[in-house]
Structures are given as structure tokens and as C-alpha cells.
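Data file: model24.txt. Format and content: compact mmCIF, N, CA and C atoms.
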# COMPACT_ATOMS: atom_id res chain seq x y z
N HIS A 1 0.85 -1.18 0.00
CA HIS A 1 0.00 0.00 0.00
C HIS A 1 0.89 1.23 0.00
N HIS A 2 0.67 2.17 -0.91
CA HIS A 2 1.61 3.28 -1.11
C HIS A 2 1.67 4.29 0.04
N MET A 3 0.71 4.27 0.96
CA MET A 3 0.73 5.22 2.07
C MET A 3 1.45 4.66 3.29
N VAL A 4 1.79 3.39 3.22
CA VAL A 4 2.40 2.72 4.37
C VAL A 4 3.91 2.64 4.19
N ILE A 5 4.65 3.08 5.21
CA ILE A 5 6.10 3.00 5.18
C ILE A 5 6.54 1.62 5.68
N ASN A 6 5.99 1.22 6.81
CA ASN A 6 6.37 -0.04 7.42
C ASN A 6 5.26 -0.52 8.33
N SER A 7 5.33 -1.78 8.69
CA SER A 7 4.32 -2.31 9.60
C SER A 7 4.90 -3.44 10.43
N ALA A 8 4.21 -3.75 11.51
CA ALA A 8 4.61 -4.86 12.37
C ALA A 8 3.34 -5.51 12.89
N ALA A 9 3.26 -6.83 12.75
CA ALA A 9 2.10 -7.56 13.25
C ALA A 9 2.54 -8.51 14.36
N PHE A 10 1.72 -8.63 15.39
CA PHE A 10 2.06 -9.49 16.53
C PHE A 10 0.79 -9.79 17.31
N GLU A 11 0.88 -10.78 18.19
CA GLU A 11 -0.27 -11.18 18.98
C GLU A 11 -0.36 -10.38 20.27
N VAL A 12 -1.59 -10.02 20.65
CA VAL A 12 -1.82 -9.33 21.92
C VAL A 12 -2.98 -10.02 22.63
N ASN A 13 -3.04 -9.81 23.95
CA ASN A 13 -4.16 -10.35 24.72
C ASN A 13 -5.38 -9.47 24.51
N ILE A 14 -6.55 -10.11 24.49
CA ILE A 14 -7.79 -9.35 24.35
C ILE A 14 -8.26 -8.98 25.75
N GLY A 15 -8.35 -7.67 26.01
CA GLY A 15 -8.74 -7.20 27.34
C GLY A 15 -7.82 -7.79 28.40
N ASN A 16 -8.43 -8.32 29.46
CA ASN A 16 -7.61 -8.93 30.51
C ASN A 16 -7.69 -10.46 30.45
N THR A 17 -8.06 -10.98 29.28
CA THR A 17 -8.21 -12.42 29.13
C THR A 17 -6.93 -13.04 28.62
N SER A 18 -6.89 -14.37 28.59
CA SER A 18 -5.72 -15.04 28.04
C SER A 18 -5.91 -15.28 26.54
N GLU A 19 -7.08 -14.88 26.04
CA GLU A 19 -7.36 -15.00 24.60
C GLU A 19 -6.52 -13.97 23.85
N THR A 20 -6.04 -14.36 22.67
CA THR A 20 -5.20 -13.43 21.91
C THR A 20 -5.79 -13.14 20.54
N ALA A 21 -5.33 -12.04 19.97
CA ALA A 21 -5.72 -11.66 18.62
C ALA A 21 -4.53 -10.95 17.99
N LEU A 22 -4.53 -10.86 16.68
CA LEU A 22 -3.45 -10.18 15.98
C LEU A 22 -3.65 -8.68 16.02
N LYS A 23 -2.54 -7.98 16.20
CA LYS A 23 -2.55 -6.53 16.11
C LYS A 23 -1.52 -6.13 15.07
N ILE A 24 -1.83 -5.09 14.30
CA ILE A 24 -0.85 -4.57 13.35
C ILE A 24 -0.63 -3.09 13.65
N CYS A 25 0.63 -2.69 13.68
CA CYS A 25 1.00 -1.28 13.82
C CYS A 25 1.51 -0.82 12.47
N ILE A 26 1.00 0.28 12.02
CA ILE A 26 1.32 0.80 10.69
C ILE A 26 2.01 2.15 10.82
N GLU A 27 3.14 2.28 10.15
CA GLU A 27 3.80 3.58 10.07
C GLU A 27 3.34 4.24 8.78
N LEU A 28 2.63 5.34 8.92
CA LEU A 28 2.07 6.03 7.76
C LEU A 28 2.98 7.15 7.27
N LYS A 29 2.97 7.35 5.95
CA LYS A 29 3.74 8.46 5.37
C LYS A 29 3.15 9.79 5.81
N LYS A 30 1.83 9.87 5.73
CA LYS A 30 1.14 11.11 6.08
C LYS A 30 0.06 10.81 7.10
N LYS A 31 0.01 11.60 8.15
CA LYS A 31 -1.03 11.44 9.15
C LYS A 31 -2.42 11.55 8.52
N ASN A 32 -3.34 10.75 9.00
CA ASN A 32 -4.74 10.78 8.52
C ASN A 32 -4.90 10.54 7.02
N SER A 33 -3.93 9.85 6.42
CA SER A 33 -4.03 9.62 4.97
C SER A 33 -4.84 8.35 4.67
N LEU A 34 -5.21 7.65 5.73
CA LEU A 34 -5.88 6.37 5.58
C LEU A 34 -6.86 6.19 6.73
N SER A 35 -8.03 5.62 6.42
CA SER A 35 -8.98 5.35 7.50
C SER A 35 -8.82 3.90 7.95
N TYR A 36 -9.19 3.64 9.18
CA TYR A 36 -9.10 2.27 9.71
C TYR A 36 -9.94 1.31 8.88
N SER A 37 -11.16 1.74 8.55
CA SER A 37 -12.05 0.84 7.82
C SER A 37 -11.54 0.55 6.41
N ASP A 38 -10.97 1.55 5.74
CA ASP A 38 -10.39 1.33 4.41
C ASP A 38 -9.21 0.37 4.48
N PHE A 39 -8.37 0.58 5.48
CA PHE A 39 -7.20 -0.28 5.63
C PHE A 39 -7.63 -1.72 5.95
N HIS A 40 -8.62 -1.86 6.82
CA HIS A 40 -9.14 -3.17 7.19
C HIS A 40 -9.69 -3.89 5.95
N LEU A 41 -10.40 -3.15 5.13
CA LEU A 41 -10.96 -3.70 3.89
C LEU A 41 -9.83 -4.17 2.97
N TYR A 42 -8.80 -3.34 2.85
CA TYR A 42 -7.64 -3.69 2.03
C TYR A 42 -7.02 -5.00 2.51
N LEU A 43 -6.86 -5.14 3.83
CA LEU A 43 -6.28 -6.36 4.39
C LEU A 43 -7.18 -7.56 4.13
N LYS A 44 -8.48 -7.37 4.28
CA LYS A 44 -9.43 -8.46 4.07
C LYS A 44 -9.39 -8.96 2.63
N HIS A 45 -9.17 -8.05 1.70
CA HIS A 45 -9.11 -8.41 0.28
C HIS A 45 -7.78 -9.05 -0.11
N ASN A 46 -6.73 -8.80 0.67
CA ASN A 46 -5.40 -9.23 0.27
C ASN A 46 -4.76 -10.30 1.14
N LEU A 47 -5.41 -10.66 2.23
CA LEU A 47 -4.85 -11.67 3.13
C LEU A 47 -5.85 -12.79 3.36
N ALA A 48 -5.35 -13.94 3.74
CA ALA A 48 -6.25 -15.01 4.17
C ALA A 48 -6.95 -14.53 5.44
N TYR A 49 -8.20 -14.93 5.62
CA TYR A 49 -9.00 -14.37 6.72
C TYR A 49 -8.33 -14.52 8.09
N PHE A 50 -7.62 -15.64 8.31
CA PHE A 50 -7.01 -15.85 9.63
C PHE A 50 -5.77 -14.97 9.84
N MET A 51 -5.31 -14.33 8.78
CA MET A 51 -4.15 -13.44 8.88
C MET A 51 -4.55 -11.99 9.08
N VAL A 52 -5.83 -11.69 8.92
CA VAL A 52 -6.30 -10.30 9.05
C VAL A 52 -6.31 -9.92 10.53
N PRO A 53 -5.54 -8.89 10.91
CA PRO A 53 -5.48 -8.51 12.31
C PRO A 53 -6.79 -7.91 12.80
N ARG A 54 -7.11 -8.20 14.07
CA ARG A 54 -8.31 -7.62 14.68
C ARG A 54 -8.05 -6.16 15.08
N PHE A 55 -6.83 -5.89 15.53
CA PHE A 55 -6.50 -4.55 16.03
C PHE A 55 -5.56 -3.83 15.08
N ILE A 56 -5.83 -2.54 14.86
CA ILE A 56 -5.00 -1.72 13.96
C ILE A 56 -4.60 -0.44 14.69
N GLU A 57 -3.32 -0.13 14.64
CA GLU A 57 -2.86 1.15 15.20
C GLU A 57 -1.99 1.85 14.17
N PHE A 58 -2.31 3.12 13.92
CA PHE A 58 -1.48 3.95 13.04
C PHE A 58 -0.48 4.70 13.92
N LYS A 59 0.77 4.67 13.52
CA LYS A 59 1.81 5.36 14.28
C LYS A 59 2.63 6.27 13.37
N ASP A 60 3.15 7.35 13.94
CA ASP A 60 4.04 8.24 13.17
C ASP A 60 5.36 7.53 12.92
N LYS A 61 5.83 6.82 13.93
CA LYS A 61 7.12 6.12 13.84
C LYS A 61 7.02 4.80 14.58
N LEU A 62 7.56 3.76 13.98
CA LEU A 62 7.68 2.48 14.67
C LEU A 62 9.04 2.45 15.36
N PRO A 63 9.12 1.90 16.57
CA PRO A 63 10.42 1.84 17.24
C PRO A 63 11.36 0.89 16.51
N ARG A 64 12.58 1.37 16.24
CA ARG A 64 13.54 0.55 15.51
C ARG A 64 14.85 0.46 16.29
N ASN A 65 15.58 -0.61 16.04
CA ASN A 65 16.91 -0.71 16.66
C ASN A 65 17.96 -0.16 15.69
N VAL A 66 19.22 -0.28 16.06
CA VAL A 66 20.29 0.28 15.22
C VAL A 66 20.36 -0.35 13.83
N ASN A 67 19.86 -1.58 13.71
CA ASN A 67 19.84 -2.25 12.41
C ASN A 67 18.58 -1.96 11.62
N ASP A 68 17.81 -0.98 12.09
CA ASP A 68 16.59 -0.55 11.41
C ASP A 68 15.48 -1.61 11.44
N LEU A 69 15.55 -2.53 12.37
CA LEU A 69 14.49 -3.53 12.51
C LEU A 69 13.47 -3.05 13.52
N VAL A 70 12.21 -3.28 13.21
CA VAL A 70 11.14 -2.85 14.12
C VAL A 70 11.22 -3.68 15.40
N GLN A 71 11.14 -2.99 16.52
CA GLN A 71 11.22 -3.65 17.83
C GLN A 71 9.82 -3.98 18.34
N LYS A 72 9.36 -5.17 17.98
CA LYS A 72 8.00 -5.58 18.33
C LYS A 72 7.80 -5.68 19.85
N PHE A 73 8.87 -6.04 20.56
CA PHE A 73 8.71 -6.19 22.00
C PHE A 73 8.30 -4.87 22.66
N LEU A 74 8.73 -3.76 22.10
CA LEU A 74 8.33 -2.44 22.63
C LEU A 74 6.87 -2.17 22.33
N LEU A 75 6.41 -2.58 21.15
CA LEU A 75 5.01 -2.41 20.79
C LEU A 75 4.12 -3.29 21.67
N LYS A 76 4.59 -4.50 21.97
CA LYS A 76 3.85 -5.40 22.85
C LYS A 76 3.78 -4.83 24.26
N LYS A 77 4.88 -4.20 24.69
CA LYS A 77 4.94 -3.59 26.02
C LYS A 77 3.93 -2.45 26.13
N GLU A 78 3.85 -1.64 25.07
CA GLU A 78 2.88 -0.54 25.05
C GLU A 78 1.46 -1.06 25.23
N TRP A 79 1.17 -2.21 24.59
CA TRP A 79 -0.15 -2.82 24.71
C TRP A 79 -0.38 -3.28 26.14
N LYS A 80 0.62 -3.94 26.72
CA LYS A 80 0.52 -4.44 28.10
C LYS A 80 0.32 -3.29 29.08
N ASN A 81 1.01 -2.18 28.84
CA ASN A 81 0.92 -1.01 29.72
C ASN A 81 -0.33 -0.18 29.45
N ILE A 82 -1.18 -0.66 28.56
CA ILE A 82 -2.43 0.00 28.19
C ILE A 82 -2.21 1.29 27.40
N SER A 83 -0.96 1.78 27.31
CA SER A 83 -0.73 3.09 26.70
C SER A 83 -1.12 3.17 25.22
N SER A 84 -1.05 2.06 24.49
CA SER A 84 -1.37 2.13 23.06
C SER A 84 -2.82 1.75 22.76
N ARG A 85 -3.57 1.32 23.77
CA ARG A 85 -4.92 0.81 23.47
C ARG A 85 -5.88 1.90 23.02
N ARG A 86 -5.72 3.08 23.58
CA ARG A 86 -6.62 4.19 23.19
C ARG A 86 -6.44 4.60 21.74
N SER A 87 -5.27 4.34 21.19
CA SER A 87 -5.01 4.72 19.80
C SER A 87 -5.10 3.51 18.86
N THR A 88 -5.69 2.43 19.37
CA THR A 88 -5.83 1.21 18.58
C THR A 88 -7.29 0.98 18.22
N TYR A 89 -7.52 0.67 16.97
CA TYR A 89 -8.87 0.43 16.45
C TYR A 89 -9.18 -1.06 16.51
N ASP A 90 -10.36 -1.39 17.01
CA ASP A 90 -10.83 -2.78 17.08
C ASP A 90 -11.79 -3.02 15.92
N THR A 91 -11.39 -3.88 14.99
CA THR A 91 -12.22 -4.10 13.80
C THR A 91 -13.51 -4.86 14.13
N LYS A 92 -13.54 -5.49 15.30
CA LYS A 92 -14.73 -6.24 15.70
C LYS A 92 -15.82 -5.30 16.20
N THR A 93 -15.44 -4.35 17.06
CA THR A 93 -16.42 -3.40 17.61
C THR A 93 -16.54 -2.16 16.74
N LYS A 94 -15.60 -2.00 15.81
CA LYS A 94 -15.51 -0.80 14.95
C LYS A 94 -15.35 0.48 15.76
N LYS A 95 -14.64 0.35 16.88
CA LYS A 95 -14.38 1.48 17.76
C LYS A 95 -12.95 1.38 18.27
N MET A 96 -12.48 2.46 18.88
CA MET A 96 -11.17 2.42 19.50
C MET A 96 -11.26 1.54 20.74
N VAL A 97 -10.16 0.86 21.07
CA VAL A 97 -10.12 0.01 22.25
C VAL A 97 -10.17 0.91 23.48
N GLN A 98 -10.92 0.51 24.47
CA GLN A 98 -11.03 1.34 25.69
C GLN A 98 -10.00 0.93 26.72

Could you write out this file's structure as C-alpha cells?
Amino acid sequence: HHMVINSAAFEVNIGNTSETALKICIELKKKNSLSYSDFHLYLKHNLAYFMVPRFIEFKDKLPRNVNDLVQKFLLKKEWKNISSRRSTYDTKTKKMVQ
């Protein structure tokens, strides 16, 4: 997708349960250049259904190490600390995660 610079997908816990779902963090070229629903639709059309993430978060920058690799453990930590949940879209409820 031409508006996406980079992305990282990983599993997160749903709420406070032991159940997990996929989350994808997207680094966008331009803020607000893409809607959650449009991006979700794009993923649904281009991925097998079990690969489509439930949670989507748009970020200005993904955390990277010196080798320019995305540091997923930091993104997972943000989810655990609740700090990234408010900026994460839940495709199931079609709302931001509370």
C-alpha cells in the first residue's frame, strides 16, 4: 500500500483475558491519509482471513533498533501497559479500544 512505510504484526491479549488476537501497527507516510475501515478492507481483500489482524494502530514512527528492525517487544509492552490501546482500532467493535 503506497501510504504505508512499514508495519509490524504481533499477537496481543484481548482485554484482561488469556485469549489473543493479531494486532498490526502501521507507520504512515502522512497522518490521517488512511482510515481504519479502508485499511481493514484492504487487508481483508489481500490476506487469508485468519491473517487479518483484529486490532490496527497507526503510528508516526515504529520503534527501531540500530539495524533498522522494528522492535516488536516495545510495541507489545505498550499494549501491556495500556498506553497504546486508546489509539488502537478494534475491527470487531468498529471502535477504538477502551

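Minimum atom-to-atom distances from A:Leu69, A:Leu43, A:Ile56, A:Leu22 to A:Thr88 were compared using all atoms listed in the file, and the lowest value belongs to A:Ile56.
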
With DSSP run on the backbone, what are the alpha helix (DSSP H) residues within stretch 3-92 of chain A? I'd like them as a PyMOL selection string. chain A and resi 36-46+72-80

Same residues, N, CA and C atoms, saved as a CSV table (one decimal), keeping the file's coordinate frame:
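For reference, selection_17.csv as written:
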chain,number,residue,atom,x,y,z
A,36,TYR,N,-9.2,3.6,9.2
A,36,TYR,CA,-9.1,2.3,9.7
A,36,TYR,C,-9.9,1.3,8.9
A,37,SER,N,-11.2,1.7,8.6
A,37,SER,CA,-12.0,0.8,7.8
A,37,SER,C,-11.5,0.6,6.4
A,38,ASP,N,-11.0,1.6,5.7
A,38,ASP,CA,-10.4,1.3,4.4
A,38,ASP,C,-9.2,0.4,4.5
A,39,PHE,N,-8.4,0.6,5.5
A,39,PHE,CA,-7.2,-0.3,5.6
A,39,PHE,C,-7.6,-1.7,6.0
A,40,HIS,N,-8.6,-1.9,6.8
A,40,HIS,CA,-9.1,-3.2,7.2
A,40,HIS,C,-9.7,-3.9,6.0
A,41,LEU,N,-10.4,-3.2,5.1
A,41,LEU,CA,-11.0,-3.7,3.9
A,41,LEU,C,-9.8,-4.2,3.0
A,42,TYR,N,-8.8,-3.3,2.8
A,42,TYR,CA,-7.6,-3.7,2.0
A,42,TYR,C,-7.0,-5.0,2.5
A,43,LEU,N,-6.9,-5.1,3.8
A,43,LEU,CA,-6.3,-6.4,4.4
A,43,LEU,C,-7.2,-7.6,4.1
A,44,LYS,N,-8.5,-7.4,4.3
A,44,LYS,CA,-9.4,-8.5,4.1
A,44,LYS,C,-9.4,-9.0,2.6
A,45,HIS,N,-9.2,-8.0,1.7
A,45,HIS,CA,-9.1,-8.4,0.3
A,45,HIS,C,-7.8,-9.0,-0.1
A,46,ASN,N,-6.7,-8.8,0.7
A,46,ASN,CA,-5.4,-9.2,0.3
A,46,ASN,C,-4.8,-10.3,1.1
A,72,LYS,N,9.4,-5.2,18.0
A,72,LYS,CA,8.0,-5.6,18.3
A,72,LYS,C,7.8,-5.7,19.8
A,73,PHE,N,8.9,-6.0,20.6
A,73,PHE,CA,8.7,-6.2,22.0
A,73,PHE,C,8.3,-4.9,22.7
A,74,LEU,N,8.7,-3.8,22.1
A,74,LEU,CA,8.3,-2.4,22.6
A,74,LEU,C,6.9,-2.2,22.3
A,75,LEU,N,6.4,-2.6,21.2
A,75,LEU,CA,5.0,-2.4,20.8
A,75,LEU,C,4.1,-3.3,21.7
A,76,LYS,N,4.6,-4.5,22.0
A,76,LYS,CA,3.8,-5.4,22.8
A,76,LYS,C,3.8,-4.8,24.3
A,77,LYS,N,4.9,-4.2,24.7
A,77,LYS,CA,4.9,-3.6,26.0
A,77,LYS,C,3.9,-2.4,26.1
A,78,GLU,N,3.8,-1.6,25.1
A,78,GLU,CA,2.9,-0.5,25.0
A,78,GLU,C,1.5,-1.1,25.2
A,79,TRP,N,1.2,-2.2,24.6
A,79,TRP,CA,-0.2,-2.8,24.7
A,79,TRP,C,-0.4,-3.3,26.1
A,80,LYS,N,0.6,-3.9,26.7
A,80,LYS,CA,0.5,-4.4,28.1
A,80,LYS,C,0.3,-3.3,29.1

DSSP on the backbone, strand (DSSP E or B) only: what residues of chain A does that give? Format it as a PyMOL selection string. chain A and resi 4-13+20-28+55-59+64+70+88-90+95-96

As a check of understanding: the span from atom CA of A:Ser87 to atom CA of A:Arg64 is 19.5 Å

Step by step: start from the point (-0.8, -9.6, 22.7) in the file's coordinates, keep every protein, DNA or RNA residue that has an atom no farther than 7 Å from it, count all atoms listed in the file, and write the set as a count of residues only. 9

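Each of A:Tyr49, A:Lys30, A:Thr93, A:Cys25 was compared to A:Glu78 using only C-alpha atoms, and A:Cys25 turns out to be the nearest.
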
Tell me which protein, DNA and RNA residues are within 5 Å of A:Val4, counting only N, CA and C atoms, leaving out same-chain ones fewer than 5 positions away, and put them as a PDB file with N, CA and C atoms, in the coordinates of the input.
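Everything below was put into selection02.pdb:
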ATOM      1  N   GLU A  27       3.140   2.280  10.150  1.00  0.00           N
ATOM      2  CA  GLU A  27       3.800   3.580  10.070  1.00  0.00           C
ATOM      3  C   GLU A  27       3.340   4.240   8.780  1.00  0.00           C
ATOM      4  N   LEU A  28       2.630   5.340   8.920  1.00  0.00           N
ATOM      5  CA  LEU A  28       2.070   6.030   7.760  1.00  0.00           C
ATOM      6  C   LEU A  28       2.980   7.150   7.270  1.00  0.00           C
ATOM      7  N   LYS A  29       2.970   7.350   5.950  1.00  0.00           N
ATOM      8  CA  LYS A  29       3.740   8.460   5.370  1.00  0.00           C
ATOM      9  C   LYS A  29       3.150   9.790   5.810  1.00  0.00           C
TER      10      LYS A  29
END

Given 4 Å on each side, where is the centre and what are the edge lengths in Å to one decimal of the axis-aligned box enclosing the listed atoms of stretch 32-47 of chain A, as AutoDock Vina command-line options?
--center_x -7.7 --center_y -1.0 --center_z 4.8 --size_x 16.7 --size_y 31.6 --size_z 17.8

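Among the candidate residues A:Ile82, A:Lys72, A:Ser33, A:His45, the one lying nearest to A:Ala9 is A:Lys72, with distances computed using only N, CA and C atoms.
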
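Using only N, CA and C atoms, the nearest neighbour of A:Val70 within the list A:Asn32, A:Thr17, A:Ser7, A:Gln98 is A:Ser7.
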
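Between atom C of A:Val52 and atom C of A:Lys80 the interatomic distance comes to 20.8 Å.
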
For A:Glu57, the closest of A:Met3, A:Phe39, A:Asn16, A:Asn81 counting only C-alpha atoms is A:Phe39
